[in-house]
>>> print(open('entry.cif').read())   # mmCIF, C-alpha atoms
data_query
#
loop_
_atom_site.label_atom_id
_atom_site.label_comp_id
_atom_site.auth_asym_id
_atom_site.auth_seq_id
_atom_site.Cartn_x
_atom_site.Cartn_y
_atom_site.Cartn_z
CA MET A 11 128.35 78.93 100.83
CA PHE A 12 128.87 82.66 100.34
CA SER A 13 131.50 82.48 97.57
CA ILE A 14 131.73 85.22 94.94
CA GLU A 15 130.40 82.93 92.20
CA ASN A 16 127.23 82.29 94.17
CA TRP A 17 126.59 86.01 94.60
CA LEU A 18 127.30 86.60 90.91
CA ALA A 19 124.87 83.85 89.90
CA LEU A 20 122.21 85.50 92.01
CA LEU A 21 123.02 88.96 90.69
CA GLN A 22 122.72 87.71 87.14
CA ASP A 23 119.10 86.71 87.78
CA TRP A 24 118.22 89.88 89.68
CA ARG A 25 115.09 90.28 87.60
CA VAL A 26 113.55 87.21 89.26
CA PHE A 27 113.87 88.85 92.66
CA ALA A 28 112.81 92.25 91.38
CA SER A 29 109.60 90.80 90.00
CA GLY A 30 109.02 88.91 93.26
CA LEU A 31 109.50 92.13 95.20
CA GLU A 32 107.09 93.87 92.85
CA GLN A 33 104.39 91.22 93.36
CA THR A 34 104.88 91.35 97.13
CA LEU A 35 104.55 95.14 97.07
CA ILE A 36 101.43 95.12 94.88
CA ALA A 37 99.74 92.44 97.00
CA SER A 38 100.69 94.30 100.21
CA VAL A 39 99.50 97.73 99.12
CA LEU A 40 96.22 96.50 97.61
CA GLY A 41 95.75 94.16 100.58
CA LEU A 42 96.24 97.07 102.95
CA LEU A 43 93.67 99.17 101.08
CA LEU A 44 91.07 96.42 101.33
CA ALA A 45 92.01 95.84 104.98
CA VAL A 46 91.61 99.52 105.89
CA VAL A 47 88.21 99.76 104.17
CA LEU A 48 86.98 96.56 105.85
CA GLY A 49 88.58 97.54 109.15
CA VAL A 50 86.98 100.99 109.30
CA VAL A 51 83.53 99.69 108.28
CA MET A 52 83.65 96.80 110.74
CA GLY A 53 85.18 98.98 113.44
CA VAL A 54 82.32 101.47 113.10
CA PHE A 55 79.85 98.56 113.10
CA ALA A 56 81.40 97.34 116.35
CA ALA A 57 80.69 100.70 118.01
CA ALA A 58 77.27 101.19 116.37
CA PRO A 59 74.09 101.47 118.45
CA VAL A 60 72.51 98.75 116.29
CA GLY A 61 72.68 95.19 117.65
CA PRO A 62 72.82 93.23 114.36
CA LEU A 63 75.69 95.40 113.04
CA ARG A 64 77.67 94.76 116.22
CA LEU A 65 77.01 91.04 115.80
CA ILE A 66 78.20 91.03 112.17
CA SER A 67 81.37 92.84 113.20
CA ARG A 68 81.95 90.47 116.15
CA ILE A 69 81.60 87.37 113.97
CA TYR A 70 83.87 88.80 111.28
CA VAL A 71 86.58 89.82 113.71
CA GLU A 72 86.54 86.65 115.82
CA PHE A 73 86.40 84.24 112.89
CA PHE A 74 89.11 85.77 110.72
CA ARG A 75 91.44 86.65 113.58
CA ASN A 76 91.26 83.20 115.11
CA THR A 77 91.98 81.12 112.01
CA PRO A 78 95.33 80.98 110.17
CA LEU A 79 95.93 83.12 107.11
CA VAL A 80 97.31 80.07 105.28
CA THR A 81 94.04 78.18 105.79
CA GLN A 82 92.04 81.19 104.59
CA LEU A 83 94.19 81.53 101.48
CA PHE A 84 93.76 77.82 100.72
CA PHE A 85 90.02 78.31 101.03
CA TYR A 86 90.01 81.05 98.39
CA TYR A 87 92.55 79.29 96.19
CA HIS A 88 91.38 75.65 96.35
CA GLY A 89 87.83 76.08 97.63
CA LEU A 90 86.24 78.93 95.69
CA PRO A 91 86.87 77.43 92.21
CA ARG A 92 84.62 74.53 93.30
CA VAL A 93 81.65 76.90 93.43
CA GLY A 94 82.53 78.67 90.20
CA PHE A 95 84.77 81.50 91.46
CA THR A 96 88.21 81.07 89.96
CA LEU A 97 90.21 84.15 90.87
CA PRO A 98 93.67 85.01 89.56
CA VAL A 99 96.29 84.28 92.20
CA MET A 100 96.99 87.98 92.82
CA ALA A 101 93.31 88.55 93.57
CA VAL A 102 93.37 85.60 95.97
CA GLY A 103 96.38 87.17 97.67
CA VAL A 104 94.81 90.62 98.00
CA LEU A 105 91.53 89.14 99.20
CA GLY A 106 93.23 86.85 101.70
CA LEU A 107 95.60 89.46 103.11
CA GLY A 108 92.91 92.17 103.11
CA VAL A 109 90.19 90.19 104.85
CA TYR A 110 92.61 88.73 107.42
CA THR A 111 94.30 92.03 108.29
CA GLY A 112 90.95 93.86 108.19
CA ALA A 113 89.86 91.90 111.24
CA PHE A 114 92.84 93.21 113.22
CA ILE A 115 92.29 96.76 111.96
CA ALA A 116 88.61 96.59 112.94
CA GLU A 117 89.70 95.99 116.54
CA ILE A 118 92.10 98.94 116.35
CA VAL A 119 89.40 101.23 114.94
CA ARG A 120 86.89 100.09 117.56
CA ALA A 121 89.36 100.84 120.33
CA GLY A 122 90.05 104.20 118.69
CA ILE A 123 86.36 105.11 118.60
CA GLN A 124 85.93 104.07 122.21
CA SER A 125 88.88 106.25 123.20
CA VAL A 126 86.97 109.33 122.08
CA ARG A 127 84.89 110.68 124.92
CA ARG A 128 81.21 109.77 124.86
CA GLY A 129 80.32 113.44 125.34
CA GLN A 130 81.60 114.15 121.84
CA LEU A 131 78.89 111.98 120.34
CA GLU A 132 76.22 113.49 122.59
CA ALA A 133 77.34 116.99 121.68
CA ALA A 134 77.16 116.06 118.00
CA TYR A 135 73.63 114.67 118.46
CA SER A 136 72.55 117.83 120.23
CA GLN A 137 73.75 119.80 117.21
CA GLY A 138 71.51 117.71 114.95
CA PHE A 139 74.17 115.38 113.52
CA THR A 140 73.04 111.90 112.60
CA TYR A 141 75.09 108.95 113.87
CA LEU A 142 76.90 108.54 110.55
CA GLN A 143 77.57 112.27 110.25
CA ALA A 144 78.94 112.36 113.78
CA MET A 145 81.20 109.41 113.02
CA ARG A 146 82.41 110.86 109.76
CA HIS A 147 82.98 114.46 110.87
CA ILE A 148 83.56 114.33 114.63
CA ILE A 149 84.57 110.92 115.98
CA LEU A 150 86.69 109.24 113.28
CA PRO A 151 88.95 112.27 112.65
CA GLN A 152 89.80 112.26 116.36
CA THR A 153 90.73 108.57 116.31
CA VAL A 154 93.44 109.05 113.68
CA ARG A 155 96.28 109.73 116.07
CA VAL A 156 95.32 106.78 118.30
CA VAL A 157 94.86 104.47 115.34
CA LEU A 158 97.89 105.42 113.26
CA PRO A 159 100.71 103.70 115.22
CA PRO A 160 99.03 100.28 115.47
CA LEU A 161 97.89 100.66 111.86
CA THR A 162 101.43 101.04 110.53
CA ASN A 163 102.33 98.05 112.69
CA GLN A 164 99.59 96.06 110.95
CA PHE A 165 101.09 97.07 107.61
CA VAL A 166 104.41 95.57 108.73
CA ASN A 167 102.57 92.37 109.67
CA LEU A 168 100.76 92.34 106.34
CA ILE A 169 104.01 92.59 104.38
CA LYS A 170 105.49 89.74 106.42
CA ASN A 171 102.31 87.70 106.00
CA SER A 172 102.35 88.19 102.24
CA SER A 173 105.02 85.46 102.26
CA ALA A 174 102.09 83.06 102.70
CA LEU A 175 101.31 83.66 99.01
CA SER A 176 104.31 81.46 98.22
CA LEU A 177 102.25 78.48 99.44
CA ILE A 178 99.73 79.08 96.64
CA ALA A 179 102.34 79.82 93.94
CA GLY A 180 101.75 83.55 94.22
CA TYR A 181 104.96 84.64 92.42
CA ASP A 182 105.76 86.86 95.40
CA LEU A 183 109.27 87.40 96.78
CA MET A 184 109.21 84.31 99.00
CA TYR A 185 107.97 82.14 96.13
CA GLN A 186 110.68 83.38 93.78
CA ALA A 187 113.32 82.86 96.46
CA ASP A 188 112.10 79.34 97.07
CA SER A 189 111.98 78.33 93.42
CA TRP A 190 115.19 80.09 92.32
CA SER A 191 117.23 78.73 95.21
CA SER A 192 116.04 75.15 94.84
CA TYR A 193 116.64 75.27 91.09
CA ASN A 194 120.16 76.64 91.52
CA LEU A 195 120.83 74.94 94.86
CA LEU A 196 122.05 78.24 96.30
CA TYR A 197 120.13 78.59 99.53
CA ALA A 198 122.37 80.71 101.73
CA VAL A 199 122.92 83.66 99.37
CA THR A 200 119.26 83.63 98.33
CA TYR A 201 117.82 83.71 101.82
CA VAL A 202 120.23 86.40 102.98
CA THR A 203 119.34 88.54 99.95
CA VAL A 204 115.63 88.04 100.36
CA ALA A 205 115.85 88.77 104.09
CA VAL A 206 117.52 92.09 103.26
CA LEU A 207 114.81 92.87 100.70
CA TYR A 208 112.03 92.16 103.23
CA LEU A 209 113.80 94.26 105.87
CA SER A 210 114.09 97.13 103.37
CA LEU A 211 110.27 97.17 103.35
CA THR A 212 109.51 96.46 107.00
CA LEU A 213 112.26 98.28 108.94
CA PRO A 214 111.35 101.81 107.73
CA LEU A 215 107.72 101.12 108.63
CA ALA A 216 108.69 99.72 112.03
CA TRP A 217 110.75 102.83 112.61
CA LEU A 218 107.80 105.02 111.57
CA THR A 219 105.57 103.10 114.01
CA ARG A 220 107.97 103.85 116.84
CA ARG A 221 108.16 107.54 115.91
CA LEU A 222 104.38 107.82 115.81
CA GLU A 223 104.06 106.08 119.17
CA GLU A 224 106.64 108.36 120.74
CA ARG A 225 104.96 111.46 119.36
CA PHE A 226 101.61 110.25 120.58
CA HIS A 227 102.93 109.64 124.10
CA ARG A 228 104.75 112.95 124.18
CA GLN A 229 101.74 114.94 123.09
CA TRP A 230 99.08 113.19 125.06
CA GLY A 231 100.95 111.32 127.76
CA GLY A 232 99.10 108.20 126.69
CA MET A 233 95.77 109.75 127.65
CA SER A 234 92.73 109.67 125.43
CA ALA A 235 90.96 112.75 124.16
CA MET B 23 80.00 72.69 98.73
CA SER B 24 77.78 69.83 99.70
CA PHE B 25 76.55 67.87 102.64
CA GLN B 26 78.20 64.71 101.30
CA GLY B 27 81.51 66.56 101.15
CA LEU B 28 81.11 67.46 104.79
CA LEU B 29 80.24 63.88 105.72
CA ILE B 30 83.47 62.68 104.05
CA VAL B 31 85.50 64.99 106.28
CA LEU B 32 83.68 63.65 109.31
CA LYS B 33 84.39 60.00 108.44
CA PRO B 34 86.29 58.42 111.36
CA GLU B 35 89.57 57.91 109.48
CA ASN B 36 89.60 61.50 108.18
CA LEU B 37 88.60 62.97 111.49
CA ARG B 38 91.37 60.94 113.11
CA ALA B 39 93.87 62.35 110.58
CA LEU B 40 92.73 65.89 111.39
CA LEU B 41 93.00 65.33 115.13
CA MET B 42 96.50 63.93 114.67
CA GLY B 43 97.30 67.06 112.68
CA LEU B 44 95.91 69.14 115.54
CA GLY B 45 98.15 67.15 117.89
CA VAL B 46 101.21 68.08 115.81
CA THR B 47 100.08 71.71 115.70
CA LEU B 48 99.64 71.90 119.48
CA LYS B 49 102.88 70.06 120.20
CA MET B 50 104.77 72.46 117.94
CA ALA B 51 103.11 75.50 119.49
CA VAL B 52 103.79 74.39 123.07
CA THR B 53 107.44 73.58 122.28
CA VAL B 54 107.94 76.90 120.50
CA ILE B 55 106.33 78.92 123.29
CA ILE B 56 108.37 77.25 126.04
CA LEU B 57 111.69 77.56 124.17
CA SER B 58 110.96 81.14 123.14
CA PHE B 59 110.04 82.07 126.69
CA VAL B 60 113.40 80.81 127.97
CA PHE B 61 115.48 82.42 125.22
CA GLY B 62 113.30 85.53 125.11
CA THR B 63 113.71 86.07 128.87
CA LEU B 64 117.49 85.83 128.54
CA LEU B 65 117.47 88.23 125.61
CA ALA B 66 115.19 90.65 127.42
CA ILE B 67 117.40 90.66 130.52
CA ILE B 68 120.47 91.29 128.36
CA ARG B 69 118.77 94.20 126.62
CA PHE B 70 117.31 95.56 129.85
CA SER B 71 120.69 95.38 131.60
CA GLY B 72 122.28 97.24 128.69
CA ASP B 73 119.75 100.05 129.16
CA ARG B 74 120.31 100.10 132.92
CA HIS B 75 124.10 100.01 132.89
CA PRO B 76 125.19 102.09 129.90
CA ASP B 77 128.43 102.87 131.76
CA ARG B 78 129.62 99.25 131.54
CA ALA B 79 130.98 98.40 128.10
CA VAL B 80 130.06 94.69 128.22
CA ALA B 81 126.49 95.36 129.31
CA ARG B 82 126.13 98.16 126.76
CA TRP B 83 127.39 96.14 123.81
CA SER B 84 125.55 92.92 124.64
CA GLY B 85 122.43 95.05 125.09
CA ARG B 86 122.90 96.51 121.62
CA LEU B 87 123.44 93.04 120.19
CA ALA B 88 120.20 91.83 121.77
CA PHE B 89 118.40 94.90 120.43
CA THR B 90 119.71 94.22 116.90
CA TYR B 91 118.59 90.59 117.03
CA ILE B 92 115.11 91.57 118.19
CA GLU B 93 114.63 94.33 115.62
CA LEU B 94 115.94 92.34 112.64
CA ILE B 95 114.25 89.04 113.39
CA ARG B 96 110.80 90.32 114.26
CA ASN B 97 110.63 92.32 111.05
CA LEU B 98 111.26 89.26 108.87
CA PRO B 99 108.57 86.83 107.67
CA MET B 100 108.55 83.76 109.89
CA LEU B 101 108.23 81.52 106.84
CA LEU B 102 111.56 82.88 105.58
CA LEU B 103 113.28 81.86 108.80
CA MET B 104 111.66 78.42 108.73
CA LEU B 105 112.67 77.79 105.12
CA ALA B 106 116.18 79.10 105.71
CA VAL B 107 116.69 76.76 108.67
CA TYR B 108 115.20 73.86 106.68
CA LEU B 109 117.19 74.36 103.47
CA ILE B 110 120.48 75.76 104.74
CA GLY B 111 120.54 73.65 107.92
CA ARG B 112 119.40 70.46 106.09
CA MET B 113 117.36 68.90 108.83
CA PRO B 114 113.98 67.17 109.16
CA ALA B 115 111.07 69.49 108.34
CA LEU B 116 109.41 69.36 111.77
CA ARG B 117 112.63 70.23 113.60
CA ALA B 118 113.41 73.00 111.12
CA ALA B 119 109.92 74.43 111.52
CA ILE B 120 110.19 74.43 115.32
CA ILE B 121 113.65 76.04 115.24
CA GLY B 122 112.60 78.65 112.68
CA MET B 123 109.48 79.52 114.68
CA THR B 124 111.49 79.66 117.90
CA VAL B 125 114.07 82.02 116.37
CA PHE B 126 111.20 84.34 115.43
CA THR B 127 109.06 84.01 118.54
CA THR B 128 112.08 84.56 120.80
CA ALA B 129 112.31 88.11 119.45
CA ILE B 130 108.61 88.72 120.15
CA MET B 131 108.84 87.12 123.58
CA ALA B 132 111.87 89.26 124.46
CA GLU B 133 109.76 92.37 123.90
CA ILE B 134 106.93 90.97 126.03
CA VAL B 135 109.32 90.17 128.88
CA ARG B 136 111.02 93.56 128.59
CA GLY B 137 107.61 95.22 128.79
CA GLY B 138 106.98 93.19 131.94
CA LEU B 139 110.31 94.20 133.48
CA ASN B 140 109.60 97.85 132.73
CA SER B 141 106.15 97.59 134.29
CA VAL B 142 107.57 96.89 137.75
CA ASP B 143 107.50 100.01 139.89
CA LYS B 144 110.76 101.92 140.31
CA GLY B 145 110.25 101.92 144.06
CA GLN B 146 110.76 98.16 144.11
CA TRP B 147 114.28 98.66 142.77
CA GLU B 148 115.05 101.41 145.25
CA ALA B 149 113.71 99.39 148.16
CA ALA B 150 115.73 96.33 147.12
CA VAL B 151 118.93 98.32 146.66
CA SER B 152 118.46 99.88 150.09
CA GLN B 153 118.21 96.38 151.56
CA GLY B 154 121.55 95.42 150.02
CA PHE B 155 120.30 93.12 147.24
CA SER B 156 122.65 92.67 144.29
CA TYR B 157 121.49 93.44 140.71
CA ARG B 158 121.08 89.77 139.96
CA GLN B 159 119.17 89.11 143.19
CA ILE B 160 116.82 92.01 142.51
CA LEU B 161 116.00 90.70 139.03
CA GLN B 162 115.66 87.10 140.14
CA LEU B 163 113.87 87.48 143.45
CA ILE B 164 111.93 90.71 143.18
CA VAL B 165 111.42 92.08 139.69
CA LEU B 166 110.96 88.98 137.52
CA PRO B 167 108.32 87.33 139.74
CA GLN B 168 106.28 90.54 139.73
CA ALA B 169 106.85 91.10 136.02
CA LEU B 170 105.50 87.64 135.27
CA ARG B 171 102.04 88.78 136.32
CA SER B 172 101.75 91.42 133.63
CA MET B 173 103.41 89.12 131.09
CA ILE B 174 100.95 86.24 131.26
CA PRO B 175 98.11 87.75 129.17
CA PRO B 176 100.37 88.78 126.25
CA ILE B 177 102.09 85.38 126.40
CA VAL B 178 98.73 83.61 126.09
CA SER B 179 97.81 85.75 123.12
CA GLN B 180 101.22 85.04 121.59
CA PHE B 181 100.47 81.35 122.07
CA ILE B 182 97.31 81.78 120.00
CA THR B 183 99.34 83.49 117.27
CA VAL B 184 101.86 80.65 117.31
CA VAL B 185 99.09 78.04 117.01
CA LYS B 186 97.84 79.80 113.89
CA ASP B 187 101.33 80.33 112.51
CA THR B 188 102.12 76.60 112.65
CA ALA B 189 100.09 76.46 109.42
CA PHE B 190 103.15 77.96 107.68
CA ALA B 191 104.97 74.70 108.48
CA TRP B 192 102.89 73.06 105.76
CA GLY B 193 105.17 75.01 103.40
CA LEU B 194 107.97 72.73 104.62
CA GLY B 195 105.79 69.65 104.35
CA VAL B 196 104.99 69.22 108.04
CA PHE B 197 101.67 67.40 108.53
CA GLU B 198 100.15 69.77 111.01
CA LEU B 199 96.42 70.55 110.94
CA THR B 200 96.28 72.43 107.61
CA GLY B 201 98.63 69.93 105.97
CA SER B 202 96.58 66.95 107.13
CA GLY B 203 93.50 68.68 105.74
CA SER B 204 95.18 69.33 102.38
CA LEU B 205 95.75 65.59 102.02
CA ILE B 206 92.09 64.90 102.65
CA TYR B 207 90.77 67.40 100.15
CA THR B 208 93.21 66.48 97.40
CA LYS B 209 92.02 62.89 97.81
CA TYR B 210 88.28 63.56 97.96
CA ALA B 211 88.11 66.86 96.03
CA ASN B 212 86.17 68.61 98.83
CA PRO B 213 88.39 71.62 99.68
CA MET B 214 85.60 73.91 100.92
CA GLU B 215 84.12 71.45 103.37
CA THR B 216 87.49 70.28 104.66
CA LEU B 217 88.90 73.78 105.05
CA LEU B 218 85.75 74.92 106.87
CA VAL B 219 86.11 72.07 109.36
CA ILE B 220 89.81 72.90 109.81
CA ALA B 221 89.05 76.59 110.30
CA LEU B 222 86.46 75.64 112.89
CA ILE B 223 89.00 73.53 114.80
CA TYR B 224 91.52 76.38 114.82
CA PHE B 225 88.77 78.76 115.83
CA VAL B 226 87.66 76.68 118.81
CA VAL B 227 91.25 76.31 120.05
CA SER B 228 92.10 80.01 119.68
CA TYR B 229 88.77 81.23 120.96
CA LEU B 230 89.02 79.12 124.10
CA MET B 231 92.57 80.36 124.65
CA SER B 232 91.54 83.99 124.16
CA ARG B 233 88.77 83.53 126.75
CA VAL B 234 91.44 82.20 129.12
CA ALA B 235 93.62 85.22 128.35
CA PHE B 236 90.70 87.57 129.02
CA ARG B 237 89.94 85.92 132.36
CA LEU B 238 93.58 85.93 133.39
CA GLU B 239 93.83 89.57 132.49
CA ARG B 240 90.92 90.42 134.73
CA ARG B 241 92.07 88.17 137.56
CA LEU B 242 95.61 89.47 137.45
CA ALA B 243 94.46 93.07 137.30
CA VAL B 244 92.87 92.69 140.74
CA GLY B 245 95.22 93.85 143.44
CA SER B 246 97.64 95.49 141.06
CA TYR B 247 98.17 99.20 141.04
#
>>> encode(input="entry.cif", output="structure tokens")
Amino acid sequence: MFSIENWLALLQDWRVFASGLEQTLIASVLGLLLAVVLGVVMGVFAAAPVGPLRLISRIYVEFFRNTPLVTQLFFYYHGLPRVGFTLPVMAVGVLGLGVYTGAFIAEIVRAGIQSVRRGQLEAAYSQGFTYLQAMRHIILPQTVRVVLPPLTNQFVNLIKNSSALSLIAGYDLMYQADSWSSYNLLYAVTYVTVAVLYLSLTLPLAWLTRRLEERFHRQWGGMSA
Amino acid sequence: MSFQGLLIVLKPENLRALLMGLGVTLKMAVTVIILSFVFGTLLAIIRFSGDRHPDRAVARWSGRLAFTYIELIRNLPMLLLMLAVYLIGRMPALRAAIIGMTVFTTAIMAEIVRGGLNSVDKGQWEAAVSQGFSYRQILQLIVLPQALRSMIPPIVSQFITVVKDTAFAWGLGVFELTGSGSLIYTKYANPMETLLVIALIYFVVSYLMSRVAFRLERRLAVGSY
């Protein structure tokens, strides 16, 4: 199973895995960017004093959080071409990962905003800030330290979830592992290697999450501002 | 996207196929949650005991082993574990999917249980020790039953996650809900309509479960301190 020849065969085709890792990284980083943008906008909507905005945010969060990522990806990949939107597979991946993870980030941002004392908003109003100005300059900056630990955790989840791209032939790491190993019939060495590659992305982030959490608890004792 | 396409999905034979897929999904999720709860509790107790008795070599080292398992496994994509079990272990897809998911969810469950154990007040331990209870008796009779209360809401939300994650099993060729739907839309060329119906089914299941979790959380919070 783990004989030297098997490892050498895998090493010889290292480019396959390198390109898979590259695709996984690109999809994850771009997916995270989209997710953060969507998450912040929808998180602010969720805390907005405007009913329809709160409703939009609620529907977005509940729908995308409560349906599987795989099903959502299939919708973009198999469904959208039927109505004239044929996206390249990388775009499907970024869209799928971004919209899905954005729903989780929106909840994190909402909780972050609600952790800032209400008096802050009132004080900002009394100084003539508009709602958006108060959010942008007063409230959101204060949420950063509450939001950061769960946000890095979401990034870990996003990287792990990017393996779903393999189900739509996304040329990501999982896809390359699957196709290379079934072509060469070398499953054990492949899956061990790919596991190590995934861990090399997720473990540092998981460690960073823990550090941020610890710092947050040390500084604030788990209390909100 | 058309009304006819939607009607095709709702034809009795297709609807029956989807409900059978939902049955597979729910059966998988329930099996995985029960198995992971058992293994996760054992793992959590091992890790917890290692933290509590660092002076005993066996407890310390088994605790570290449990910690390593938890940290490595939960930072890997679940699909990778499922495929590895399927291809390296050479077993039927459904069994491989359940084992792969259980290996992963056990690590998550261990953290939930450990959180529950840590949430029990220190005074409970002191009181039990003063009454002459052994370590095992304290865990079994006093701490675990109380920990269970704070564990139930996160376990329900983990159940929702597992229900959604069963969609990954389609990557192994298991005919769960998403897989059953894929068959329908490749036959009738109506991916949008079919995937919308599937998403709606997942949504109803998860949303109902999350309402349950919310209620439990509120009920269980009463009378706690």
>>> closest_atom_pairs(input="entry.cif", of="segment 61-136 of chain B", to="segment 38-48 of chain B", cutoff="12 Å", atoms="all atoms listed in the file", output="tab-separated table")
residue	atom	partner	partner_atom	distance
B:Leu116	CA	B:Val46	CA	9.2
B:Arg117	CA	B:Val46	CA	11.8
B:Ala119	CA	B:Thr47	CA	11.0
B:Ile120	CA	B:Thr47	CA	10.5
>>> residues_around(input="entry.cif", residues="Leu94 of chain B", least_positions_apart="6", cutoff="9 Å", atoms="all atoms listed in the file", output="PyMOL selection string")
(chain A and resi 209+213) or (chain B and resi 129)
>>> closest_atom_pairs(input="entry.cif", of="chain B", to="chain A", cutoff="6 Å", atoms="all atoms listed in the file", output="Markdown table")
| residue | atom | partner | partner_atom | distance |
| --- | --- | --- | --- | --- |
| B:Asn97 | CA | A:Thr212 | CA | 5.9 |
| B:Pro99 | CA | A:Lys170 | CA | 4.4 |
| B:Ile110 | CA | A:Tyr197 | CA | 5.9 |
| B:Lys186 | CA | A:Pro78 | CA | 4.6 |
| B:Pro213 | CA | A:Gly89 | CA | 4.9 |
| B:Met214 | CA | A:Gly89 | CA | 4.5 |
| B:Ala221 | CA | A:Thr77 | CA | 5.7 |
| B:Tyr224 | CA | A:Thr77 | CA | 5.5 |
| B:Phe225 | CA | A:Asn76 | CA | 5.1 |
| B:Ser228 | CA | A:Asn76 | CA | 5.6 |
>>> residues_near_point(input="entry.cif", point="(104.6, 71.6, 111.6)", cutoff="9 Å", atoms="only C-alpha atoms", output="PDB file with C-alpha atoms, in the coordinates of the input")
ATOM      1  CA  GLY B  43      97.300  67.060 112.680  1.00  0.00           C
ATOM      2  CA  VAL B  46     101.210  68.080 115.810  1.00  0.00           C
ATOM      3  CA  THR B  47     100.080  71.710 115.700  1.00  0.00           C
ATOM      4  CA  LYS B  49     102.880  70.060 120.200  1.00  0.00           C
ATOM      5  CA  MET B  50     104.770  72.460 117.940  1.00  0.00           C
ATOM      6  CA  ALA B  51     103.110  75.500 119.490  1.00  0.00           C
ATOM      7  CA  ALA B 115     111.070  69.490 108.340  1.00  0.00           C
ATOM      8  CA  LEU B 116     109.410  69.360 111.770  1.00  0.00           C
ATOM      9  CA  ARG B 117     112.630  70.230 113.600  1.00  0.00           C
ATOM     10  CA  ALA B 118     113.410  73.000 111.120  1.00  0.00           C
ATOM     11  CA  ALA B 119     109.920  74.430 111.520  1.00  0.00           C
ATOM     12  CA  ILE B 120     110.190  74.430 115.320  1.00  0.00           C
ATOM     13  CA  THR B 188     102.120  76.600 112.650  1.00  0.00           C
ATOM     14  CA  ALA B 189     100.090  76.460 109.420  1.00  0.00           C
ATOM     15  CA  PHE B 190     103.150  77.960 107.680  1.00  0.00           C
ATOM     16  CA  ALA B 191     104.970  74.700 108.480  1.00  0.00           C
ATOM     17  CA  TRP B 192     102.890  73.060 105.760  1.00  0.00           C
ATOM     18  CA  GLY B 193     105.170  75.010 103.400  1.00  0.00           C
ATOM     19  CA  LEU B 194     107.970  72.730 104.620  1.00  0.00           C
ATOM     20  CA  GLY B 195     105.790  69.650 104.350  1.00  0.00           C
ATOM     21  CA  VAL B 196     104.990  69.220 108.040  1.00  0.00           C
ATOM     22  CA  PHE B 197     101.670  67.400 108.530  1.00  0.00           C
ATOM     23  CA  GLU B 198     100.150  69.770 111.010  1.00  0.00           C
ATOM     24  CA  LEU B 199      96.420  70.550 110.940  1.00  0.00           C
ATOM     25  CA  GLY B 201      98.630  69.930 105.970  1.00  0.00           C
TER      26      GLY B 201
END
>>> axis_aligned_box(input="entry.cif", around="segment 91-108 of chain B", padding_each_side="6 Å", output="AutoDock Vina command-line options")
--center_x 113.4 --center_y 84.1 --center_z 111.7 --size_x 22.4 --size_y 32.5 --size_z 25.1
>>> residues_around(input="entry.cif", residues="Gly122 of chain A", least_positions_apart="5", cutoff="9 Å", atoms="all atoms listed in the file", output="list of chain:residue names")
A:Gly53, A:Glu117, A:Leu150, A:Gln152, A:Thr153, A:Val154, A:Arg155, A:Val156, A:Val157
>>> write_last_selection(input="entry.cif", atoms="C-alpha atoms", output="PDB file, in the frame of the given file")
ATOM      1  CA  GLY A  53      85.180  98.980 113.440  1.00  0.00           C
ATOM      2  CA  GLU A 117      89.700  95.990 116.540  1.00  0.00           C
ATOM      3  CA  LEU A 150      86.690 109.240 113.280  1.00  0.00           C
ATOM      4  CA  GLN A 152      89.800 112.260 116.360  1.00  0.00           C
ATOM      5  CA  THR A 153      90.730 108.570 116.310  1.00  0.00           C
ATOM      6  CA  VAL A 154      93.440 109.050 113.680  1.00  0.00           C
ATOM      7  CA  ARG A 155      96.280 109.730 116.070  1.00  0.00           C
ATOM      8  CA  VAL A 156      95.320 106.780 118.300  1.00  0.00           C
ATOM      9  CA  VAL A 157      94.860 104.470 115.340  1.00  0.00           C
TER      10      VAL A 157
END
>>> atom_distance(input="entry.cif", atom1="atom CA of Thr219 of chain A", atom2="atom CA of Val185 of chain B")
26.1 Å
>>> resolve_selection(input="entry.cif", expression="the PyMOL selection byres ((chain B and resi 143) around 12)", output="PyMOL selection string")
chain B and resi 138-142+144-150+164-166+168-169+246-247
>>> resolve_selection(input="entry.cif", expression="the PyMOL selection byres ((chain A and resi 71) around 10)", output="MDAnalysis selection string")
chainID A and resid 49 52:53 56 65:70 72:76 109:117
>>> atom_distance(input="entry.cif", atom1="atom CA of Leu142 of chain A", atom2="atom CA of Ile118 of chain A")
18.9 Å
>>> resolve_selection(input="entry.cif", expression="the PyMOL selection byres ((chain B and resi 54) around 8)", output="list in words")
Met50, Ala51, Val52, Thr53, Ile55, Ile56, Leu57, Ser58, Ile120, Ile121, Met123, Thr124, Thr127 and Val184 of chain B
>>> residues_around(input="entry.cif", residues="Ile68 of chain B", least_positions_apart="5", cutoff="9 Å", atoms="all atoms listed in the file", output="mmCIF file with C-alpha atoms, keeping the file's coordinate frame")
data_model
loop_
_atom_site.group_PDB
_atom_site.id
_atom_site.type_symbol
_atom_site.label_atom_id
_atom_site.label_comp_id
_atom_site.auth_asym_id
_atom_site.auth_seq_id
_atom_site.Cartn_x
_atom_site.Cartn_y
_atom_site.Cartn_z
ATOM 1 C CA THR B 63 113.710 86.070 128.870
ATOM 2 C CA ASP B 73 119.750 100.050 129.160
ATOM 3 C CA ALA B 81 126.490 95.360 129.310
ATOM 4 C CA SER B 84 125.550 92.920 124.640
ATOM 5 C CA GLY B 85 122.430 95.050 125.090
ATOM 6 C CA ARG B 86 122.900 96.510 121.620
ATOM 7 C CA LEU B 87 123.440 93.040 120.190
ATOM 8 C CA ALA B 88 120.200 91.830 121.770
ATOM 9 C CA PHE B 89 118.400 94.900 120.430
#
